[in-house]
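Novice: One structure follows; several queries about it will come next.
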Amino acid sequence: MDKALKFRTDGTFKIVQFSDTEYMDDAADLNERTADMMRTVMETEQPDLVVFAGDVIGSLRCSNPEQSFRDVVSTIEAMKVPWVAIFGNHDSEAGITREQLMDIQLSYSYCAAERTAEHISGVGNYVLSIQGSDERFAAALYFLDSGSYSALPHIHGYDWIRRDQIDWYAAQSQAFTDQNGGQPIPSLAFFHIPLPEYQEVWDKSECHGEKREEVSCPRINSGLFSAMVEMGDVMGTFAGHDHGNDYSGEHHGIRLCYGRSSSYIIWDTDIPIGARVIELQQGSRTFDTWLRLSDGSAQQRSIG
């Protein structure tokens, strides 16, 4: 397969984000319902790329984590649509490592991910370019490993994106800007654990969507958001992790977005699970985004 990502002839590029699918051995019926939801969303939206935004599996409850991961991604692979997966805190808690999961995904024909950037923290840090109609580089998608849990004994809670990852992002961004005559390339960023600014945007800005639980962000703000504001390329960020949150809001010129929970494990009784859809327009520094739910309906269309 040609793994190059390209804008369509009408100038659009559509992404579907599935968040926290969390396949587990003891939830086979829920896994199948999740697969049905993914097929419904895919058939409705016909995306150009699928992003699994972390916690693809719940490895603590998987006797064979590799097979569980393969079960998830095979639904999309069978539909012959390019896809990538980033990792969350539950993916590598037991029985499998992030490195092994990365090797597995790279073995698939329709996986568009790239080998993780060398000599920086985490697994699955890379950037994909989207070609325009003239085959020139027109947009960028950053994928960052937000880690699992704090490795410092005096700091509890979740891990954070490290300084070397931020430096890597900034260097990539600057190189693209230089290649583009000094103009930042329209870009999006994906990671699993939300940044501390996800709480700030809820507190200070107009947001669209649900907030049904606390923002489970790291206790350390390592500065990725500040770097993105300074570089001027990232128009929106996309996280998962908090199953009850699906809101989005703009903060200092960047739209911070949660996905919609794609897992029946939590919040399956009163809100339908689904996916976030993102549509880029070639040459524009904005994007459209909405939620596509398991019943086929759409919600929360907005422009970022």
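Naming scheme: A, B, ... for chains in displayed order of the structure tokens; residues 1 onward per chain; ligands 1 onward as shown.
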Hey, could you make a per-residue contact list for region 49-81 of chain A against region 31-44 of chain A with 10 Å as the cut-off, showing the nearest pair of atoms and its distance in Å to one decimal, counting only C-alpha atoms, sorted by chain and number, as a Markdown table?
Specialist:
```
| residue | atom | partner | partner_atom | distance |
| --- | --- | --- | --- | --- |
| A:Val50 | CA | A:Met42 | CA | 8.9 |
| A:Ser68 | CA | A:Asn31 | CA | 9.5 |
| A:Asp71 | CA | A:Asn31 | CA | 8.9 |
| A:Val72 | CA | A:Ala35 | CA | 7.4 |
| A:Val73 | CA | A:Ala35 | CA | 9.5 |
| A:Ser74 | CA | A:Ala35 | CA | 9.5 |
| A:Thr75 | CA | A:Ala35 | CA | 6.5 |
| A:Ile76 | CA | A:Arg39 | CA | 7.9 |
| A:Met79 | CA | A:Met42 | CA | 8.5 |
| A:Val81 | CA | A:Met42 | CA | 9.1 |
```
Novice: Could those selected residues go to a file with N, CA, C and O atoms, as a PDB file, in the first residue's frame?
Specialist:
```
ATOM      1  N   VAL A  50      -7.346   6.773  10.548  1.00  0.00           N
ATOM      2  CA  VAL A  50      -7.885   6.455  11.872  1.00  0.00           C
ATOM      3  C   VAL A  50      -6.764   6.576  12.888  1.00  0.00           C
ATOM      4  O   VAL A  50      -5.650   6.084  12.663  1.00  0.00           O
ATOM      5  N   SER A  68      -5.135  -9.303  21.896  1.00  0.00           N
ATOM      6  CA  SER A  68      -6.161  -8.280  22.131  1.00  0.00           C
ATOM      7  C   SER A  68      -5.909  -7.053  21.271  1.00  0.00           C
ATOM      8  O   SER A  68      -6.834  -6.485  20.673  1.00  0.00           O
ATOM      9  N   ASP A  71      -6.788  -7.819  17.764  1.00  0.00           N
ATOM     10  CA  ASP A  71      -8.243  -7.868  17.590  1.00  0.00           C
ATOM     11  C   ASP A  71      -8.817  -6.472  17.354  1.00  0.00           C
ATOM     12  O   ASP A  71      -9.723  -6.293  16.537  1.00  0.00           O
ATOM     13  N   VAL A  72      -8.292  -5.492  18.099  1.00  0.00           N
ATOM     14  CA  VAL A  72      -8.797  -4.122  17.947  1.00  0.00           C
ATOM     15  C   VAL A  72      -8.489  -3.591  16.549  1.00  0.00           C
ATOM     16  O   VAL A  72      -9.379  -3.178  15.802  1.00  0.00           O
ATOM     17  N   VAL A  73      -7.204  -3.600  16.213  1.00  0.00           N
ATOM     18  CA  VAL A  73      -6.795  -2.922  14.979  1.00  0.00           C
ATOM     19  C   VAL A  73      -7.227  -3.686  13.733  1.00  0.00           C
ATOM     20  O   VAL A  73      -7.339  -3.091  12.650  1.00  0.00           O
ATOM     21  N   SER A  74      -7.506  -4.986  13.857  1.00  0.00           N
ATOM     22  CA  SER A  74      -7.893  -5.769  12.685  1.00  0.00           C
ATOM     23  C   SER A  74      -9.215  -5.285  12.098  1.00  0.00           C
ATOM     24  O   SER A  74      -9.460  -5.443  10.893  1.00  0.00           O
ATOM     25  N   THR A  75     -10.075  -4.702  12.931  1.00  0.00           N
ATOM     26  CA  THR A  75     -11.347  -4.165  12.420  1.00  0.00           C
ATOM     27  C   THR A  75     -11.090  -3.076  11.382  1.00  0.00           C
ATOM     28  O   THR A  75     -11.740  -3.022  10.333  1.00  0.00           O
ATOM     29  N   ILE A  76     -10.122  -2.199  11.655  1.00  0.00           N
ATOM     30  CA  ILE A  76      -9.799  -1.123  10.725  1.00  0.00           C
ATOM     31  C   ILE A  76      -8.937  -1.640   9.583  1.00  0.00           C
ATOM     32  O   ILE A  76      -9.132  -1.269   8.419  1.00  0.00           O
ATOM     33  N   MET A  79     -10.765  -2.985   6.762  1.00  0.00           N
ATOM     34  CA  MET A  79     -11.466  -2.003   5.930  1.00  0.00           C
ATOM     35  C   MET A  79     -10.511  -1.245   5.015  1.00  0.00           C
ATOM     36  O   MET A  79     -10.920  -0.360   4.260  1.00  0.00           O
ATOM     37  N   VAL A  81      -8.095   0.975   5.509  1.00  0.00           N
ATOM     38  CA  VAL A  81      -7.964   2.409   5.754  1.00  0.00           C
ATOM     39  C   VAL A  81      -6.684   2.638   6.559  1.00  0.00           C
ATOM     40  O   VAL A  81      -6.423   1.916   7.533  1.00  0.00           O
TER      41      VAL A  81
END
```
Novice: Near Ser148 (chain A), counting only C-alpha atoms, which residues have an atom at most 7 Å away, once you skip same-chain residues fewer than 3 positions from it, shown as an mmCIF file with N, CA, C and O atoms, in the first residue's frame?
Specialist:
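And here's selection28.cif as it stands now:
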```cif
data_model
loop_
_atom_site.group_PDB
_atom_site.id
_atom_site.type_symbol
_atom_site.label_atom_id
_atom_site.label_comp_id
_atom_site.auth_asym_id
_atom_site.auth_seq_id
_atom_site.Cartn_x
_atom_site.Cartn_y
_atom_site.Cartn_z
ATOM 1 N N GLY A 88 -1.494 4.510 25.776
ATOM 2 C CA GLY A 88 -1.951 5.107 27.017
ATOM 3 C C GLY A 88 -1.410 4.352 28.220
ATOM 4 O O GLY A 88 -0.612 3.418 28.092
ATOM 5 N N ASN A 89 -1.874 4.723 29.387
ATOM 6 C CA ASN A 89 -1.353 4.119 30.616
ATOM 7 C C ASN A 89 -1.750 2.661 30.772
ATOM 8 O O ASN A 89 -1.054 1.885 31.430
ATOM 9 N N TYR A 158 -0.157 10.669 37.094
ATOM 10 C CA TYR A 158 0.221 10.299 35.734
ATOM 11 C C TYR A 158 1.525 10.940 35.292
ATOM 12 O O TYR A 158 1.976 11.947 35.829
ATOM 13 N N ASP A 159 2.113 10.313 34.298
ATOM 14 C CA ASP A 159 3.361 10.794 33.705
ATOM 15 C C ASP A 159 3.082 12.048 32.878
ATOM 16 O O ASP A 159 1.938 12.449 32.693
#
```
Novice: Name all residues at most 7 Å from region 237-254 of chain A (count only C-alpha atoms; drop same-chain ones fewer than 4 positions away) and give them as an MDAnalysis selection string.
Specialist: chainID A and resid 19:20 53:54 188:194 201 205:213 215:216 258:261 266:267
Novice: Where in region 98-164 of chain A does DSSP assign helix (DSSP H, G or I), given as a compact mmCIF listing (two decimals) with C-alpha atoms, in the first residue's frame?
Specialist:
```txt
# COMPACT_ATOMS: atom_id res chain seq x y z
CA ARG A 98 5.25 -0.35 24.37
CA GLU A 99 8.18 -1.39 22.16
CA GLN A 100 6.46 -4.69 21.41
CA LEU A 101 3.16 -2.95 20.66
CA MET A 102 4.97 -0.57 18.31
CA ASP A 103 6.56 -3.47 16.46
CA ILE A 104 3.17 -5.17 16.14
CA GLN A 105 1.44 -2.15 14.65
CA LEU A 106 4.28 -1.50 12.21
CA ARG A 163 11.45 17.99 27.88
CA ASP A 164 13.33 16.05 25.18
```
Novice: I need the residues in region 27-256 of chain A that are strand (DSSP E or B) according to DSSP; give them as JSON, numbers by chain.
Specialist: {"A": [49, 50, 51, 52, 53, 57, 83, 84, 85, 86, 111, 126, 127, 128, 129, 130, 131, 137, 138, 139, 140, 141, 142, 143, 149, 158, 187, 188, 189, 190, 207, 208, 211, 234, 235, 236, 237, 238, 239, 245, 248, 249, 250, 251, 254, 255, 256]}
Novice: To one decimal place, how far is CA of Ser222 (chain A) from CA of Trp160 (chain A) in Å?
Specialist: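 The value is 6.8 Å.
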Novice: Skip Val16 (chain A) itself and residues of its chain fewer than 4 positions away, then list as a ChimeraX atom specification all residues within 10 Å of it, counting only C-alpha atoms.
Specialist: /A:38,41-42,45-52,83,259,274-279,289-292
Novice: Could those residues be written to a file, using N, CA, C and O atoms, as a CSV table (one decimal), in the first residue's frame?
Specialist:
```
chain,number,residue,atom,x,y,z
A,38,MET,N,-17.2,0.8,15.7
A,38,MET,CA,-16.1,1.3,14.8
A,38,MET,C,-16.5,1.1,13.4
A,38,MET,O,-16.3,2.0,12.5
A,41,VAL,N,-19.1,3.8,12.5
A,41,VAL,CA,-18.5,5.1,12.3
A,41,VAL,C,-17.7,5.2,11.0
A,41,VAL,O,-17.8,6.2,10.2
A,42,MET,N,-17.0,4.1,10.7
A,42,MET,CA,-16.1,4.1,9.5
A,42,MET,C,-17.0,4.1,8.2
A,42,MET,O,-16.7,4.9,7.3
A,45,GLU,N,-18.4,7.8,8.0
A,45,GLU,CA,-17.5,8.9,7.8
A,45,GLU,C,-16.5,8.7,6.6
A,45,GLU,O,-16.0,9.7,6.1
A,46,GLN,N,-16.2,7.5,6.3
A,46,GLN,CA,-15.2,7.2,5.2
A,46,GLN,C,-13.9,8.0,5.4
A,46,GLN,O,-13.6,8.8,4.5
A,47,PRO,N,-13.2,7.8,6.5
A,47,PRO,CA,-12.1,8.7,6.8
A,47,PRO,C,-10.8,8.4,6.0
A,47,PRO,O,-10.7,7.3,5.4
A,48,ASP,N,-9.9,9.3,6.0
A,48,ASP,CA,-8.6,9.1,5.3
A,48,ASP,C,-7.6,8.5,6.3
A,48,ASP,O,-6.6,8.0,5.8
A,49,LEU,N,-7.8,8.6,7.6
A,49,LEU,CA,-6.9,8.1,8.6
A,49,LEU,C,-7.7,7.9,9.9
A,49,LEU,O,-8.6,8.6,10.2
A,50,VAL,N,-7.3,6.8,10.5
A,50,VAL,CA,-7.9,6.5,11.9
A,50,VAL,C,-6.8,6.6,12.9
A,50,VAL,O,-5.6,6.1,12.7
A,51,VAL,N,-7.1,7.2,14.0
A,51,VAL,CA,-6.1,7.3,15.1
A,51,VAL,C,-6.7,6.7,16.3
A,51,VAL,O,-7.8,7.1,16.8
A,52,PHE,N,-6.0,5.6,16.8
A,52,PHE,CA,-6.3,5.0,18.1
A,52,PHE,C,-5.6,5.9,19.2
A,52,PHE,O,-4.4,5.8,19.3
A,83,TRP,N,-4.2,3.7,9.4
A,83,TRP,CA,-4.4,3.9,10.8
A,83,TRP,C,-3.1,4.0,11.5
A,83,TRP,O,-2.1,3.6,11.1
A,259,GLY,N,-11.4,13.2,22.7
A,259,GLY,CA,-12.2,12.3,21.9
A,259,GLY,C,-13.5,12.0,22.6
A,259,GLY,O,-13.8,12.5,23.7
A,274,GLY,N,-18.6,6.5,20.9
A,274,GLY,CA,-18.4,6.9,19.6
A,274,GLY,C,-17.0,7.3,19.3
A,274,GLY,O,-16.1,6.7,19.8
A,275,ALA,N,-16.9,8.3,18.4
A,275,ALA,CA,-15.5,8.7,18.0
A,275,ALA,C,-15.6,10.2,17.7
A,275,ALA,O,-16.6,10.8,17.5
A,276,ARG,N,-14.4,10.9,17.8
A,276,ARG,CA,-14.3,12.2,17.3
A,276,ARG,C,-13.8,12.2,15.9
A,276,ARG,O,-13.0,11.4,15.5
A,277,VAL,N,-14.4,13.1,15.1
A,277,VAL,CA,-14.1,13.2,13.7
A,277,VAL,C,-13.4,14.6,13.5
A,277,VAL,O,-13.9,15.6,14.0
A,278,ILE,N,-12.4,14.7,12.7
A,278,ILE,CA,-11.7,15.9,12.4
A,278,ILE,C,-11.5,16.0,10.9
A,278,ILE,O,-11.1,15.1,10.3
A,279,GLU,N,-11.9,17.2,10.4
A,279,GLU,CA,-11.7,17.4,8.9
A,279,GLU,C,-10.9,18.6,8.7
A,279,GLU,O,-11.3,19.8,9.1
A,289,THR,N,-14.7,19.8,13.4
A,289,THR,CA,-14.7,18.6,14.3
A,289,THR,C,-16.1,18.4,14.8
A,289,THR,O,-16.8,19.3,15.0
A,290,TRP,N,-16.4,17.1,14.9
A,290,TRP,CA,-17.7,16.7,15.5
A,290,TRP,C,-17.6,15.3,16.1
A,290,TRP,O,-16.5,14.6,15.9
A,291,LEU,N,-18.6,14.9,16.8
A,291,LEU,CA,-18.6,13.5,17.3
A,291,LEU,C,-19.6,12.7,16.5
A,291,LEU,O,-20.7,13.1,16.1
A,292,ARG,N,-19.2,11.4,16.2
A,292,ARG,CA,-20.0,10.5,15.5
A,292,ARG,C,-20.3,9.3,16.5
A,292,ARG,O,-19.3,8.7,17.0
```
Novice: Enter the distance from CA of Asp91 (chain A) to CA of Tyr198 (chain A), in Å, rounded to one decimal.
Specialist: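 Straight-line distance from CA of Asp91 (chain A) to CA of Tyr198 (chain A) works out to 22.4 Å.
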Novice: Would you please work out which residue, of A:Met24, A:Ile96, A:Ala227, A:Leu144, is nearest to Asp167 (chain A) when using only C-alpha atoms?
Specialist: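 So, comparing all the options, the nearest one is A:Ala227.
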Novice: I'd like the contact shell of Ala4 (chain A) - 8 Å cut-off, only C-alpha atoms, skipping same-chain residues fewer than 3 positions apart - returned as a list in words.
Specialist: Ala112, Ser129, Ile130 and Gln131 of chain A
Novice: Which residue out of A:Ala113, A:Val84, A:Ala94, A:Met228 has the minimum interatomic distance to Leu60 (chain A) when only C-alpha atoms are used?
Specialist: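 Nearest candidate to Leu60 (chain A) out of A:Ala113, A:Val84, A:Ala94, A:Met228: A:Ala94.
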Novice: For region 51-141 of chain A against region 231-235 of chain A, with a cut-off of 10 Å and counting only C-alpha atoms, what is the closest atom pair and its distance in Å to one decimal for every residue that makes the cut, ordered by chain and number, as JSON lines?
Specialist:
```
{"residue": "A:Ala139", "atom": "CA", "partner": "A:Asp233", "partner_atom": "CA", "distance": 9.3}
{"residue": "A:Ala140", "atom": "CA", "partner": "A:Val234", "partner_atom": "CA", "distance": 8.7}
{"residue": "A:Leu141", "atom": "CA", "partner": "A:Val234", "partner_atom": "CA", "distance": 8.8}
```
Novice: Could you dump the residues just selected with N, CA and C atoms as a PDB file, in the first residue's frame?
Specialist:
```
ATOM      1  N   ALA A 139       0.292  19.797   5.468  1.00  0.00           N
ATOM      2  CA  ALA A 139      -0.129  19.755   6.875  1.00  0.00           C
ATOM      3  C   ALA A 139       0.683  18.690   7.595  1.00  0.00           C
ATOM      4  N   ALA A 140       0.712  18.790   8.928  1.00  0.00           N
ATOM      5  CA  ALA A 140       1.484  17.847   9.738  1.00  0.00           C
ATOM      6  C   ALA A 140       0.643  17.330  10.891  1.00  0.00           C
ATOM      7  N   LEU A 141       0.867  16.068  11.231  1.00  0.00           N
ATOM      8  CA  LEU A 141       0.213  15.430  12.373  1.00  0.00           C
ATOM      9  C   LEU A 141       1.294  14.924  13.315  1.00  0.00           C
TER      10      LEU A 141
END
```
Novice: My list of candidates is A:Tyr108, A:Gln183, A:Thr116, A:Leu195. Which is closest to Pro82 (chain A) when distances are computed with only C-alpha atoms?
Specialist: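 Looking at the shortest contact to Pro82 (chain A), the residue is A:Tyr108.
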Novice: Could you check the closest approach to Ala28 (chain A) for each of A:Cys62, A:Ile120, A:Ile155, A:Val56 and tell me which residue wins, using only C-alpha atoms?
Specialist: A:Cys62
